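S.K.: Take a look at the following structure, please.
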Amino acid sequence: MKIKLVIPIPIPPQSMGMIERMLEARRRVAGPRTLLEMVVPRQGPPSMVTIADRFFSAQAVFPEVYKAAQEGYDAVIVDCCGDQLYPDALALLPIPLVPPLHSSLQLAGMLCRRFSIITPTPGQADLYRRLVDMYGFTPRVVSVRETPPYYAGECDGEEEFNGLLLQTGQDVLREGAEGIILGCTILTQDRWLQEKLGVPVLAPGDVAVKTAEMLLRLGLTYYPRGKGKSWMSTGTE
């Protein structure tokens, strides 16, 4: 199977190491017969922090998402916890568009009763709270915590960031969380943090890849298809 990964924002050349680390992490969890290809949009917001950023990012990545099926892909993922274009574009696509955050919330709900989201981007907590509420998971989310910014691919300060990430993880466990979702797909410390804390730690980008594989292997897709409605629509036709 072929899965297209679309980065949500333009990436400058000096930060392409981030893309390589993300793709390496995705390939590490993908099945042996899964081909992953990652593309970066030329336009879009400089960062993903607010609801407005999510809107402009969705506009920028839509052409890459929309043409994925024509390019021969079996599924497409916007590799970001902002879940751009989801669920609004589902009825426009003949292949699954798999959302990293929503997939992770569903899986976290299977693994533990309550959990927290940790994001490395200051100001992003409100965006996640809105998405969590839209998906109906507010009662299950203990907190959305922010850490100082972290940019994958830049080694300076990484050890310090990992220490802050661990401290934040310990804090949310004291608040009552029994699991953690990393609130940015650039983070690849999930297994390290899980070993340190002894609770499930989910990396949404990896979860999205495995969710896409599961949907394709089971022959499942979204319903209704092609009727101009999403899974969040209400009422009957």
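Labels used: A, B, ... for chains in the order of the structure tokens, numbers from 1 for residues in each chain, and numbers from 1 for ligands as shown.
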Determine which residues of segment 98-136 of chain A DSSP labels as strand (DSSP E) from the backbone of this structure, then write them out as JSON, numbers by chain.
M.R.: {"A": [115, 116, 117, 118, 119]}
S.K.: Could you give me, as an MDAnalysis selection string, the residues within 12 Å of segment 35-43 of chain A, counting only C-alpha atoms and dropping anything in the same chain fewer than 6 positions from it?
M.R.: chainID A and resid 1:13 15:16 18:29 56:65 68 71:79 205:206 209:210 212:213
S.K.: What does the file look like for those residues with C-alpha atoms, as an mmCIF file, in the first residue's frame?
M.R.:
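Resulting contents of out_15.cif:
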```cif
data_model
loop_
_atom_site.group_PDB
_atom_site.id
_atom_site.type_symbol
_atom_site.label_atom_id
_atom_site.label_comp_id
_atom_site.auth_asym_id
_atom_site.auth_seq_id
_atom_site.Cartn_x
_atom_site.Cartn_y
_atom_site.Cartn_z
ATOM 1 C CA MET A 1 0.000 0.000 0.000
ATOM 2 C CA LYS A 2 1.091 3.585 -0.622
ATOM 3 C CA ILE A 3 0.475 6.358 1.904
ATOM 4 C CA LYS A 4 1.118 10.039 1.236
ATOM 5 C CA LEU A 5 2.277 12.188 4.148
ATOM 6 C CA VAL A 6 1.757 15.935 3.716
ATOM 7 C CA ILE A 7 3.674 18.330 5.969
ATOM 8 C CA PRO A 8 1.330 21.128 7.185
ATOM 9 C CA ILE A 9 3.663 24.127 6.730
ATOM 10 C CA PRO A 10 6.602 25.109 4.501
ATOM 11 C CA ILE A 11 9.937 23.946 5.888
ATOM 12 C CA PRO A 12 13.118 26.009 5.334
ATOM 13 C CA PRO A 13 16.178 24.131 4.000
ATOM 14 C CA SER A 15 15.212 22.456 9.043
ATOM 15 C CA MET A 16 14.943 19.579 6.557
ATOM 16 C CA MET A 18 13.190 17.478 10.906
ATOM 17 C CA ILE A 19 11.506 15.941 7.856
ATOM 18 C CA GLU A 20 14.066 13.174 7.678
ATOM 19 C CA ARG A 21 13.577 12.281 11.344
ATOM 20 C CA MET A 22 9.800 12.292 11.006
ATOM 21 C CA LEU A 23 9.901 10.062 7.927
ATOM 22 C CA GLU A 24 12.350 7.693 9.610
ATOM 23 C CA ALA A 25 10.000 7.379 12.590
ATOM 24 C CA ARG A 26 6.995 6.673 10.333
ATOM 25 C CA ARG A 27 8.883 4.022 8.359
ATOM 26 C CA ARG A 28 9.988 2.370 11.576
ATOM 27 C CA VAL A 29 6.375 1.587 12.542
ATOM 28 C CA PHE A 56 -4.561 28.652 6.214
ATOM 29 C CA SER A 57 -2.600 25.421 6.476
ATOM 30 C CA ALA A 58 -5.637 23.499 5.238
ATOM 31 C CA GLN A 59 -5.827 25.763 2.208
ATOM 32 C CA ALA A 60 -2.138 25.214 1.467
ATOM 33 C CA VAL A 61 -2.162 21.428 1.739
ATOM 34 C CA PHE A 62 -5.518 20.814 0.035
ATOM 35 C CA PRO A 63 -4.050 20.459 -3.506
ATOM 36 C CA GLU A 64 -1.622 17.770 -2.318
ATOM 37 C CA VAL A 65 -4.345 15.947 -0.405
ATOM 38 C CA ALA A 68 -3.289 11.885 -3.747
ATOM 39 C CA GLU A 71 -1.183 9.850 -7.920
ATOM 40 C CA GLY A 72 -1.818 6.258 -6.903
ATOM 41 C CA TYR A 73 -1.869 6.590 -3.119
ATOM 42 C CA ASP A 74 -4.193 4.439 -1.047
ATOM 43 C CA ALA A 75 -4.449 6.880 1.888
ATOM 44 C CA VAL A 76 -3.288 10.368 2.801
ATOM 45 C CA ILE A 77 -2.235 11.935 6.104
ATOM 46 C CA VAL A 78 -1.635 15.599 6.902
ATOM 47 C CA ASP A 79 1.264 14.959 9.281
ATOM 48 C CA GLY A 205 2.087 10.703 13.339
ATOM 49 C CA ASP A 206 2.962 7.059 13.928
ATOM 50 C CA VAL A 209 0.205 5.562 9.778
ATOM 51 C CA LYS A 210 -0.902 2.417 11.608
ATOM 52 C CA ALA A 212 -4.304 4.065 7.746
ATOM 53 C CA GLU A 213 -2.840 0.583 7.346
#
```
S.K.: Pick out the closest residue to Gly179 of chain A from this set: A:Arg191, A:Gly219, A:Arg113, A:Thr119. Count only C-alpha atoms.
M.R.: A:Arg113
S.K.: So the first atom is atom CA of Val142 of chain A and the second is atom CA of Gly163 of chain A; what is the distance between them in Å, to one decimal place?
M.R.: 21.4 Å
S.K.: What is the atom CA of Leu193 of chain A-atom CA of Arg33 of chain A distance in Å, reported with one decimal?
M.R.: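 Distance reported for this atom pair: 28.5 Å.
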S.K.: Mind listing the helix (DSSP H, G or I) residues of chain A, per DSSP on the backbone, as a PyMOL selection string?
M.R.: chain A and resi 13-29+51-66+90-92+100-111+125-135+138-140+158-175+190-197+204-218
S.K.: Emit the selected residues as a compact mmCIF listing (two decimals), in the first residue's frame, including C-alpha atoms.
M.R.:
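What follows is the written file part.txt:
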```
# COMPACT_ATOMS: atom_id res chain seq x y z
CA PRO A 13 16.18 24.13 4.00
CA GLN A 14 18.01 24.41 7.32
CA SER A 15 15.21 22.46 9.04
CA MET A 16 14.94 19.58 6.56
CA GLY A 17 16.57 17.35 9.15
CA MET A 18 13.19 17.48 10.91
CA ILE A 19 11.51 15.94 7.86
CA GLU A 20 14.07 13.17 7.68
CA ARG A 21 13.58 12.28 11.34
CA MET A 22 9.80 12.29 11.01
CA LEU A 23 9.90 10.06 7.93
CA GLU A 24 12.35 7.69 9.61
CA ALA A 25 10.00 7.38 12.59
CA ARG A 26 6.99 6.67 10.33
CA ARG A 27 8.88 4.02 8.36
CA ARG A 28 9.99 2.37 11.58
CA VAL A 29 6.37 1.59 12.54
CA ILE A 51 -7.31 28.08 14.64
CA ALA A 52 -6.45 30.62 11.93
CA ASP A 53 -3.15 28.80 11.27
CA ARG A 54 -5.10 25.57 10.89
CA PHE A 55 -7.40 27.23 8.34
CA PHE A 56 -4.56 28.65 6.21
CA SER A 57 -2.60 25.42 6.48
CA ALA A 58 -5.64 23.50 5.24
CA GLN A 59 -5.83 25.76 2.21
CA ALA A 60 -2.14 25.21 1.47
CA VAL A 61 -2.16 21.43 1.74
CA PHE A 62 -5.52 20.81 0.03
CA PRO A 63 -4.05 20.46 -3.51
CA GLU A 64 -1.62 17.77 -2.32
CA VAL A 65 -4.34 15.95 -0.40
CA TYR A 66 -6.91 16.18 -3.20
CA LEU A 90 -13.82 13.45 3.60
CA ALA A 91 -16.70 13.48 1.13
CA LEU A 92 -14.39 14.91 -1.57
CA PRO A 100 -3.26 12.08 13.66
CA LEU A 101 -4.88 13.73 16.69
CA HIS A 102 -8.30 12.11 16.41
CA SER A 103 -6.72 8.69 15.81
CA SER A 104 -4.57 9.15 18.91
CA LEU A 105 -7.50 10.26 21.06
CA GLN A 106 -9.41 7.14 20.07
CA LEU A 107 -6.46 4.87 20.82
CA ALA A 108 -5.68 6.62 24.10
CA GLY A 109 -9.30 6.07 25.10
CA MET A 110 -8.77 2.33 24.69
CA LEU A 111 -5.53 2.30 26.69
CA ALA A 125 -3.13 24.58 23.87
CA ASP A 126 -6.31 26.42 22.89
CA LEU A 127 -6.27 24.85 19.41
CA TYR A 128 -6.06 21.37 20.91
CA ARG A 129 -8.77 22.05 23.46
CA ARG A 130 -11.10 23.08 20.65
CA LEU A 131 -10.34 19.97 18.61
CA VAL A 132 -10.69 17.73 21.68
CA ASP A 133 -14.09 19.27 22.35
CA MET A 134 -15.16 18.87 18.71
CA TYR A 135 -14.26 15.18 18.86
CA THR A 138 -13.16 16.73 26.74
CA PRO A 139 -14.25 14.58 29.73
CA ARG A 140 -11.30 12.23 29.12
CA GLU A 158 17.58 18.75 22.93
CA GLU A 159 18.81 17.22 26.18
CA GLU A 160 17.35 20.14 28.12
CA PHE A 161 14.06 19.83 26.25
CA ASN A 162 13.86 16.11 27.03
CA GLY A 163 14.27 16.95 30.70
CA LEU A 164 11.43 19.48 30.50
CA LEU A 165 9.30 16.95 28.62
CA LEU A 166 9.89 14.38 31.32
CA GLN A 167 9.07 16.89 34.05
CA THR A 168 5.84 17.88 32.29
CA GLY A 169 4.94 14.20 31.92
CA GLN A 170 5.42 13.66 35.63
CA ASP A 171 3.26 16.72 36.32
CA VAL A 172 0.31 15.48 34.26
CA LEU A 173 0.48 12.07 35.92
CA ARG A 174 0.17 13.80 39.29
CA GLU A 175 -2.87 15.62 37.90
CA ASP A 190 7.43 8.65 22.66
CA ARG A 191 9.12 5.34 23.47
CA TRP A 192 11.80 7.01 25.60
CA LEU A 193 9.15 8.89 27.58
CA GLN A 194 6.97 5.81 27.92
CA GLU A 195 9.90 3.88 29.42
CA LYS A 196 10.63 6.71 31.85
CA LEU A 197 7.03 7.18 33.00
CA PRO A 204 0.20 10.86 16.64
CA GLY A 205 2.09 10.70 13.34
CA ASP A 206 2.96 7.06 13.93
CA VAL A 207 -0.57 6.28 15.14
CA ALA A 208 -1.99 7.79 11.94
CA VAL A 209 0.20 5.56 9.78
CA LYS A 210 -0.90 2.42 11.61
CA THR A 211 -4.54 3.57 11.51
CA ALA A 212 -4.30 4.07 7.75
CA GLU A 213 -2.84 0.58 7.35
CA MET A 214 -5.63 -0.90 9.47
CA LEU A 215 -8.38 0.82 7.47
CA LEU A 216 -6.89 -0.32 4.18
CA ARG A 217 -6.29 -3.92 5.27
CA LEU A 218 -9.83 -4.19 6.64
```
S.K.: Between A:Pro94, A:Gly123, A:Pro87, A:Pro200, which one has atoms that come closest to Thr50 of chain A, using only C-alpha atoms?
M.R.: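 Ranking A:Pro94, A:Gly123, A:Pro87, A:Pro200 by distance to Thr50 of chain A, first place goes to A:Gly123.
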S.K.: What separation in Å, quoted to one decimal, exists between atom CA of Pro46 of chain A and atom CA of Gly82 of chain A?
M.R.: 14.0 Å
